[in-house]
file structure-v1.txt (compact mmCIF, C-alpha atoms and all ligand atoms)
# COMPACT_ATOMS: atom_id res chain seq x y z
CA MET A 1 112.77 84.83 106.08
CA SER A 2 109.07 85.75 105.92
CA LYS A 3 107.95 88.65 103.75
CA LEU A 4 105.48 91.02 105.37
CA VAL A 5 103.63 94.07 104.16
CA ILE A 6 102.59 96.75 106.63
CA ILE A 7 99.47 98.58 105.47
CA SER A 8 99.45 102.09 106.90
CA ALA A 9 95.79 103.03 106.63
CA SER A 10 95.51 106.67 107.67
CA VAL A 11 95.46 109.21 104.85
CA ARG A 12 94.63 112.11 107.18
CA ASP A 13 96.65 115.31 106.94
CA GLY A 14 98.77 115.41 110.09
CA ARG A 15 98.19 111.71 110.77
CA ASN A 16 99.96 110.05 113.66
CA SER A 17 99.29 106.33 113.25
CA HIS A 18 101.88 106.17 110.46
CA ARG A 19 104.45 106.49 113.24
CA VAL A 20 103.49 102.99 114.35
CA ALA A 21 104.00 101.62 110.83
CA LEU A 22 107.53 103.08 110.91
CA TYR A 23 108.08 101.54 114.33
CA PHE A 24 107.11 98.05 113.15
CA LYS A 25 109.33 98.25 110.08
CA SER A 26 112.31 99.16 112.27
CA TYR A 27 111.41 96.57 114.90
CA LEU A 28 111.29 93.77 112.31
CA GLU A 29 114.61 94.85 110.78
CA GLU A 30 116.44 95.34 114.08
CA ASN A 31 115.46 91.88 115.23
CA SER A 32 115.90 90.19 111.82
CA LEU A 33 112.39 88.76 112.12
CA ALA A 34 111.07 89.40 108.62
CA GLU A 35 111.51 91.44 105.48
CA SER A 36 108.90 94.16 105.38
CA GLU A 37 107.57 96.94 103.21
CA ILE A 38 105.17 99.69 104.21
CA LEU A 39 102.21 100.09 101.85
CA ASP A 40 101.22 103.65 102.63
CA LEU A 41 97.65 104.41 101.57
CA LYS A 42 98.35 108.14 101.76
CA SER A 43 101.14 107.82 99.19
CA TYR A 44 99.05 105.58 96.93
CA ASN A 45 96.19 108.09 96.97
CA PHE A 46 93.82 105.57 95.35
CA PRO A 47 90.55 106.77 93.82
CA LEU A 48 87.28 105.69 95.40
CA PHE A 49 86.34 102.07 94.83
CA VAL A 50 84.39 101.40 91.64
CA GLU A 51 84.74 97.60 91.37
CA ARG A 52 86.78 94.69 92.69
CA LEU A 53 90.17 94.65 91.04
CA LYS A 54 89.66 91.27 89.34
CA TYR A 55 86.61 92.63 87.49
CA GLN A 56 88.19 95.93 86.43
CA LYS A 57 88.93 96.07 82.70
CA GLU A 58 91.66 98.70 82.91
CA PRO A 59 92.90 98.82 86.48
CA LEU A 60 95.31 101.51 87.56
CA ALA A 61 98.88 100.22 87.56
CA SER A 62 99.28 101.42 91.15
CA VAL A 63 96.23 99.42 92.28
CA SER A 64 97.49 96.27 90.55
CA ALA A 65 100.96 96.76 92.04
CA PHE A 66 99.48 97.18 95.52
CA ALA A 67 97.40 94.02 95.14
CA GLU A 68 100.40 92.02 93.93
CA LYS A 69 102.43 93.12 96.94
CA VAL A 70 99.64 91.89 99.20
CA ARG A 71 99.35 88.63 97.25
CA ASN A 72 103.08 87.96 97.43
CA ALA A 73 103.40 88.71 101.13
CA ASP A 74 103.44 85.83 103.60
CA GLY A 75 101.57 87.99 106.08
CA VAL A 76 100.16 91.45 106.63
CA ILE A 77 100.20 93.93 109.50
CA ILE A 78 97.43 96.51 109.29
CA ILE A 79 98.03 99.75 111.16
CA THR A 80 94.66 101.42 111.47
CA PRO A 81 93.41 104.48 113.33
CA GLU A 82 90.02 104.47 115.02
CA TYR A 83 87.58 106.93 113.50
CA ASN A 84 84.20 107.17 115.18
CA GLY A 85 84.54 103.69 116.59
CA GLY A 86 85.47 102.05 113.28
CA TYR A 87 88.23 101.80 110.71
CA PRO A 88 88.77 104.55 108.14
CA ALA A 89 87.21 104.68 104.68
CA SER A 90 90.70 104.55 103.16
CA LEU A 91 91.10 101.01 104.49
CA LYS A 92 87.67 99.79 103.35
CA ASN A 93 88.47 101.34 99.98
CA VAL A 94 91.38 98.93 99.45
CA ILE A 95 89.97 95.90 101.26
CA ASP A 96 86.99 95.86 98.88
CA LEU A 97 89.33 95.87 95.89
CA LEU A 98 90.93 92.64 97.02
CA THR A 99 89.63 89.09 96.86
CA ASP A 100 91.92 86.08 96.60
CA GLU A 101 95.00 88.20 97.43
CA LEU A 102 93.96 87.97 101.07
CA TYR A 103 92.46 84.47 101.08
CA LYS A 104 93.68 82.62 104.21
CA LYS A 105 96.48 85.18 104.54
CA PRO A 106 97.64 85.74 108.13
CA VAL A 107 96.76 89.33 109.01
CA ALA A 108 97.56 91.04 112.31
CA ILE A 109 95.69 94.19 113.28
CA CYS A 110 97.30 97.08 115.16
CA THR A 111 94.84 99.76 116.28
CA VAL A 112 95.80 103.34 117.09
CA SER A 113 94.15 106.28 118.79
CA ASP A 114 94.98 109.52 120.52
CA GLY A 115 92.76 108.54 123.45
CA ASN A 116 93.26 106.02 126.22
CA PHE A 117 91.77 102.92 124.63
CA GLY A 118 94.17 102.36 121.74
CA GLY A 119 91.53 102.23 119.02
CA THR A 120 90.32 98.80 120.09
CA GLN A 121 86.73 99.47 119.02
CA VAL A 122 87.97 99.02 115.45
CA LEU A 123 88.53 95.35 116.09
CA THR A 124 84.90 94.25 115.93
CA SER A 125 84.15 95.82 112.56
CA LEU A 126 87.52 95.09 110.93
CA HIS A 127 87.62 91.48 112.15
CA PHE A 128 84.15 90.91 110.82
CA THR A 129 84.99 92.31 107.38
CA LEU A 130 88.15 90.21 107.16
CA TRP A 131 86.33 87.10 108.42
CA LYS A 132 83.77 87.56 105.65
CA MET A 133 86.68 87.52 103.18
CA LYS A 134 88.13 84.31 104.69
CA VAL A 135 91.25 86.08 105.86
CA TRP A 136 93.24 84.45 108.69
CA THR A 137 93.08 87.15 111.34
CA VAL A 138 95.80 86.61 113.90
CA ASN A 139 94.77 86.20 117.51
CA ALA A 140 96.82 89.07 118.92
CA MET A 141 96.34 92.76 119.64
CA PHE A 142 98.63 95.76 119.54
CA PRO A 143 96.55 98.71 120.72
CA VAL A 144 98.38 102.03 120.75
CA PRO A 145 96.82 104.68 123.01
CA ARG A 146 98.01 108.33 123.07
CA VAL A 147 99.95 107.71 119.88
CA ALA A 148 101.64 111.11 119.61
CA GLN A 149 103.14 110.67 123.08
CA SER A 150 104.03 107.01 122.54
CA PHE A 151 105.94 107.32 119.23
CA ASP A 152 107.82 110.19 117.61
CA GLU A 153 107.54 111.16 113.93
CA ASN A 154 110.24 108.67 112.98
CA GLY A 155 108.50 105.81 114.75
CA VAL A 156 110.81 105.77 117.75
CA ALA A 157 108.95 104.53 120.82
CA ALA A 158 108.98 106.65 123.98
CA ASP A 159 109.32 103.42 125.96
CA LYS A 160 111.20 101.17 123.56
CA GLU A 161 111.63 98.28 125.97
CA ALA A 162 107.90 98.05 126.72
CA SER A 163 106.91 98.50 123.06
CA ASP A 164 109.38 95.90 121.86
CA LYS A 165 108.11 93.45 124.48
CA ARG A 166 104.55 93.86 123.24
CA ALA A 167 105.66 93.75 119.60
CA ALA A 168 107.45 90.45 120.23
CA VAL A 169 104.20 88.80 121.27
CA PHE A 170 102.18 90.40 118.46
CA VAL A 171 104.67 89.64 115.70
CA GLY A 172 105.36 86.22 117.21
CA GLU A 173 101.72 85.23 116.76
CA LEU A 174 101.75 86.45 113.16
CA LEU A 175 104.93 84.52 112.36
CA TRP A 176 103.50 81.41 114.03
CA CYS A 177 100.49 81.55 111.69
CA ILE A 178 102.77 82.05 108.69
CA GLU A 179 104.84 79.04 109.71
CA ALA A 180 101.71 76.93 110.28
CA LYS A 181 100.37 77.88 106.87
CA SER A 182 103.65 77.05 105.15
CA ARG A 183 103.55 73.57 106.70
CA MET A 184 100.08 73.05 105.27
CA LYS A 185 101.50 73.54 101.79
CA ASN A 186 104.15 70.83 102.17
C1 LIG A 201 87.18 111.47 111.91
C2 LIG A 201 87.91 111.07 113.15
C3 LIG A 201 87.27 110.30 114.10
C4 LIG A 201 87.94 109.88 115.24
N1 LIG A 201 87.32 109.05 116.11
C5 LIG A 201 87.99 108.54 117.16
C6 LIG A 201 87.39 107.57 118.00
O1 LIG A 201 86.27 107.12 117.80
N2 LIG A 201 88.10 107.09 119.05
C7 LIG A 201 89.38 107.52 119.30
O2 LIG A 201 89.99 107.05 120.25
N3 LIG A 201 89.98 108.45 118.50
C8 LIG A 201 89.33 108.95 117.44
N4 LIG A 201 89.94 109.85 116.60
C9 LIG A 201 91.31 110.30 116.87
C10 LIG A 201 92.36 109.33 116.25
O3 LIG A 201 92.47 108.26 117.12
C11 LIG A 201 93.67 110.06 116.10
O4 LIG A 201 93.58 110.92 114.98
C12 LIG A 201 94.88 109.16 116.03
O5 LIG A 201 96.03 109.97 115.90
C13 LIG A 201 94.90 108.11 114.93
O6 LIG A 201 94.53 108.57 113.66
P1 LIG A 201 95.56 109.28 112.60
O7 LIG A 201 96.53 108.26 112.16
O8 LIG A 201 94.68 109.73 111.48
O9 LIG A 201 96.24 110.39 113.32
C14 LIG A 201 89.28 110.29 115.46
C15 LIG A 201 89.91 111.10 114.51
C16 LIG A 201 89.26 111.48 113.36
C17 LIG A 201 89.99 112.26 112.33
call {"tool": "encode", "arguments": {"input": "structure-v1.txt", "output": "structure tokens"}}
result
Amino acid sequence: MSKLVIISASVRDGRNSHRVALYFKSYLEENSLAESEILDLKSYNFPLFVERLKYQKEPLASVSAFAEKVRNADGVIIITPEYNGGYPASLKNVIDLLTDELYKKPVAICTVSDGNFGGTQVLTSLHFTLWKMKVWTVNAMFPVPRVAQSFDENGVAADKEASDKRAAVFVGELLWCIEAKSRMKN
């Protein structure tokens, strides 16, 4: 079974996009699609970037552990809010730490907002950053509009059937990329 990490990017007090990270973890478990772990940037509470991890002389143990979890994952789901049309500083703060951990790694991006457009403006800037890093960004979207109405605090979807249907397509594309990559190694 594939191993995924779900990066929950919002560190905001009273954040709502974390609900979607909880939803995906449950969805993957319920459907026995993949093993997954949420890497919660609010819990990690990393300091501001000072240098790429591989060039740090005495990296924090928590930063190294985070990077190893990303390295060892077959694929990544990023749950990101949209802030002023882009992704949050908390996410850039960890992306810039990483180098080969993400190289050619299948990464699926889920965007979240409290408005009607599901945070999709994030896609242009985040895709570009990941493309620069030679990450394999998966060709699928999972925009979440009106997040507080769509998911409760435990990640339970208001319309589970519709959410699960969309998740099946989104996760399916990610797992396809993971399978394709594994065949390249054989
Ligand atoms: C600094 C800031 C900027 C925001 N900018 C946008 C925006 O450009 N578009 C949008 O739809 N929502 C915007 N929002 C609202 C977020 O979409 C909303 O907070 C949502 O719940 C996801 O972020 P969260 O996980 O931090 O709660 C913004 C929120 C903050 C805190």
call {"tool": "atom_distance", "arguments": {"input": "structure-v1.txt", "atom1": "atom CA of Leu102 of chain A", "atom2": "atom CA of Gly119 of chain A"}}
result
23.1 Å
call {"tool": "residues_near_point", "arguments": {"input": "structure-v1.txt", "point": "(104.0, 108.6, 119.2)", "cutoff": "9 Å", "atoms": "all atoms listed in the file", "output": "NGL selection string"}}
result
:A and (16-17 or 19-20 or 144 or 146-158)
call {"tool": "residues_around", "arguments": {"input": "structure-v1.txt", "residues": "Gly172 of chain A", "least_positions_apart": "2", "cutoff": "12 Å", "atoms": "only C-alpha atoms", "output": "PyMOL selection string"}}
result
chain A and resi 2+28+31+33-34+75+106+108+138-142+164-170+174-179
call {"tool": "closest_atom_pairs", "arguments": {"input": "structure-v1.txt", "of": "chain A", "to": "ligand LIG 201 (chain A)", "cutoff": "7 Å", "atoms": "all atoms listed in the file", "output": "CSV"}}
result
residue,atom,partner,partner_atom,distance
A:Ser10,CA,A:LIG201,O7,4.9
A:Val11,CA,A:LIG201,O8,6.7
A:Arg12,CA,A:LIG201,O8,4.9
A:Gly14,CA,A:LIG201,O9,6.5
A:Arg15,CA,A:LIG201,O9,3.5
A:Asn16,CA,A:LIG201,O9,3.8
A:Ser17,CA,A:LIG201,O7,3.5
A:His18,CA,A:LIG201,O7,6.0
A:Pro81,CA,A:LIG201,C13,4.2
A:Glu82,CA,A:LIG201,O3,5.0
A:Tyr83,CA,A:LIG201,N1,3.4
A:Asn84,CA,A:LIG201,O1,3.3
A:Gly85,CA,A:LIG201,O1,4.0
A:Gly86,CA,A:LIG201,O1,6.8
A:Val112,CA,A:LIG201,C13,5.3
A:Ser113,CA,A:LIG201,O3,3.1
A:Asp114,CA,A:LIG201,O3,4.4
A:Gly115,CA,A:LIG201,O2,4.5
A:Asn116,CA,A:LIG201,O2,6.9
A:Phe117,CA,A:LIG201,O2,6.3
A:Gly118,CA,A:LIG201,O2,6.5
A:Gly119,CA,A:LIG201,O2,5.2
A:Val147,CA,A:LIG201,O5,6.0
A:Ala148,CA,A:LIG201,O5,6.8
call {"tool": "atom_distance", "arguments": {"input": "structure-v1.txt", "atom1": "atom CA of Lys104 of chain A", "atom2": "atom CA of Ser26 of chain A"}}
result
26.2 Å
call {"tool": "closest_residue", "arguments": {"input": "structure-v1.txt", "among": "A:Trp131, A:Tyr55, A:Tyr87, A:Trp136", "to": "Asp74 of chain A", "atoms": "all atoms listed in the file"}}
result
A:Trp136
call {"tool": "closest_residue", "arguments": {"input": "structure-v1.txt", "among": "A:Met133, A:Ala180, A:Ile95, A:Cys110", "to": "Ile77 of chain A", "atoms": "only C-alpha atoms"}}
result
A:Cys110
call {"tool": "residues_around", "arguments": {"input": "structure-v1.txt", "residues": "segment 68-72 of chain A", "least_positions_apart": "5", "cutoff": "12 Å", "atoms": "all atoms listed in the file", "output": "ChimeraX atom specification"}}
result
/A:2-7,36-39,53-54,61-63,77-78,94-95,97-107
